[in-house]
Amino acid sequence: INCDRRLIGLIAEAHAVRKAVLEQTGSLVQIGERLGRCRGHLAAMMRISYLAPDIVAAIGEGRQPAALKRKTLMAAQLSLDWSEQHRQLGFA
């Protein structure tokens, strides 16, 4: 098993950011300032927080495609459609 702790940490951070964003009021810029993050980072975190559960499980178990790295996941314009996420991230 090849668990990528950076990917796992990124997913955990994404869920923490989503929780913080949903609990706070104000614009994304204001929320980003309070969290010490730029709007682009928050947007990427929000997308990542909606990964398909089986993709999250695969990453947690080290079964992700070799090309899937933290930087790749941060840059991905993830679809909310889980089937499309599989294709985008090489799980298809």
# chains A, B, ... in the order shown; residues from 1 in each chain; ligands from 1
call {"tool": "residues_around", "arguments": {"residues": "segment 52-66 of chain A", "least_positions_apart": "4", "cutoff": "7 Å", "atoms": "only C-alpha atoms", "output": "VMD selection string"}}
result
chain A and resid 1 to 4 8 82 90 to 91
call {"tool": "residues_around", "arguments": {"residues": "Ser27 of chain A", "least_positions_apart": "4", "cutoff": "12 Å", "atoms": "only C-alpha atoms", "output": "CSV table (one decimal) with all heavy atoms, in the first residue's frame"}}
result
chain,number,residue,atom,x,y,z
A,21,VAL,N,-16.2,27.4,6.1
A,21,VAL,CA,-16.9,28.3,5.2
A,21,VAL,C,-18.4,28.2,5.5
A,21,VAL,O,-19.1,29.2,5.5
A,21,VAL,CB,-16.5,27.9,3.7
A,21,VAL,CG1,-17.5,28.6,2.8
A,21,VAL,CG2,-15.1,28.3,3.4
A,22,LEU,N,-18.9,27.0,5.7
A,22,LEU,CA,-20.3,26.9,5.9
A,22,LEU,C,-20.8,27.5,7.2
A,22,LEU,O,-21.9,27.9,7.3
A,22,LEU,CB,-20.7,25.4,5.8
A,22,LEU,CG,-20.6,24.8,4.4
A,22,LEU,CD1,-20.9,23.3,4.5
A,22,LEU,CD2,-21.4,25.5,3.4
A,31,ILE,N,-14.0,35.5,4.3
A,31,ILE,CA,-13.8,34.3,5.0
A,31,ILE,C,-12.3,33.8,4.7
A,31,ILE,O,-11.7,33.4,5.7
A,31,ILE,CB,-14.8,33.2,4.5
A,31,ILE,CG1,-16.2,33.5,4.9
A,31,ILE,CG2,-14.4,31.8,5.0
A,31,ILE,CD1,-17.3,32.7,4.2
A,32,GLY,N,-11.8,34.0,3.5
A,32,GLY,CA,-10.5,33.7,3.2
A,32,GLY,C,-9.5,34.5,4.1
A,32,GLY,O,-8.5,33.9,4.6
A,33,GLU,N,-9.8,35.7,4.3
A,33,GLU,CA,-8.9,36.6,5.1
A,33,GLU,C,-8.9,36.1,6.5
A,33,GLU,O,-7.9,36.0,7.2
A,33,GLU,CB,-9.4,38.0,5.0
A,33,GLU,CG,-9.1,38.7,3.7
A,33,GLU,CD,-9.7,40.1,3.6
A,33,GLU,OE1,-10.4,40.5,4.5
A,33,GLU,OE2,-9.4,40.7,2.5
A,34,ARG,N,-10.1,35.7,7.0
A,34,ARG,CA,-10.1,35.1,8.4
A,34,ARG,C,-9.4,33.8,8.5
A,34,ARG,O,-8.8,33.5,9.6
A,34,ARG,CB,-11.6,35.0,8.8
A,34,ARG,CG,-12.3,36.3,9.1
A,34,ARG,CD,-13.6,36.1,9.8
A,34,ARG,NE,-14.6,35.5,9.0
A,34,ARG,CZ,-15.6,36.1,8.4
A,34,ARG,NH1,-15.7,37.4,8.5
A,34,ARG,NH2,-16.5,35.5,7.6
A,38,CYS,N,-6.3,32.6,0.3
A,38,CYS,CA,-6.8,33.4,-0.8
A,38,CYS,C,-8.1,32.7,-1.3
A,38,CYS,O,-8.3,31.5,-1.0
A,38,CYS,CB,-5.8,33.6,-1.9
A,38,CYS,SG,-5.5,32.1,-2.8
A,39,ARG,N,-8.9,33.5,-2.0
A,39,ARG,CA,-10.1,33.0,-2.6
A,39,ARG,C,-9.9,31.7,-3.5
A,39,ARG,O,-10.7,30.8,-3.5
A,39,ARG,CB,-10.8,34.1,-3.4
A,39,ARG,CG,-12.2,33.7,-3.9
A,39,ARG,CD,-12.8,34.9,-4.6
A,39,ARG,NE,-11.9,35.5,-5.5
A,39,ARG,CZ,-12.2,36.4,-6.3
A,39,ARG,NH1,-13.4,36.9,-6.3
A,39,ARG,NH2,-11.3,36.9,-7.2
A,42,LEU,N,-9.4,28.7,-1.4
A,42,LEU,CA,-10.7,28.2,-0.8
A,42,LEU,C,-11.5,27.5,-1.8
A,42,LEU,O,-12.2,26.5,-1.5
A,42,LEU,CB,-11.4,29.4,-0.2
A,42,LEU,CG,-10.8,30.1,1.1
A,42,LEU,CD1,-11.7,31.2,1.5
A,42,LEU,CD2,-10.7,29.0,2.2
call {"tool": "closest_residue", "arguments": {"among": "A:Gln30, A:Gln24, A:Leu7, A:Glu13", "to": "Lys71 of chain A", "atoms": "only C-alpha atoms"}}
result
A:Leu7
call {"tool": "closest_residue", "arguments": {"among": "A:Val17, A:Ala12, A:Ile48, A:Ala92", "to": "Thr72 of chain A", "atoms": "only C-alpha atoms"}}
result
A:Ile48
call {"tool": "atom_distance", "arguments": {"atom1": "atom CA of Met45 of chain A", "atom2": "atom CA of Asp81 of chain A"}}
result
16.5 Å
call {"tool": "select_by_dssp", "arguments": {"residues": "chain A", "states": "alpha helix (DSSP H)", "output": "ChimeraX atom specification"}}
result
/A:5-23,28-35,39-48,53-60,70-75,82-89
call {"tool": "atom_distance", "arguments": {"atom1": "atom CA of Arg6 of chain A", "atom2": "atom CA of Ser83 of chain A"}}
result
23.9 Å
call {"tool": "atom_distance", "arguments": {"atom1": "atom CA of His15 of chain A", "atom2": "atom CA of Ser49 of chain A"}}
result
5.1 Å
call {"tool": "closest_residue", "arguments": {"among": "A:Leu51, A:Ala44, A:Leu89, A:Val29", "to": "Ala75 of chain A", "atoms": "only C-alpha atoms"}}
result
A:Ala44
call {"tool": "closest_residue", "arguments": {"among": "A:Gly36, A:Lys69, A:Met46, A:Leu80", "to": "Lys19 of chain A", "atoms": "only C-alpha atoms"}}
result
A:Met46
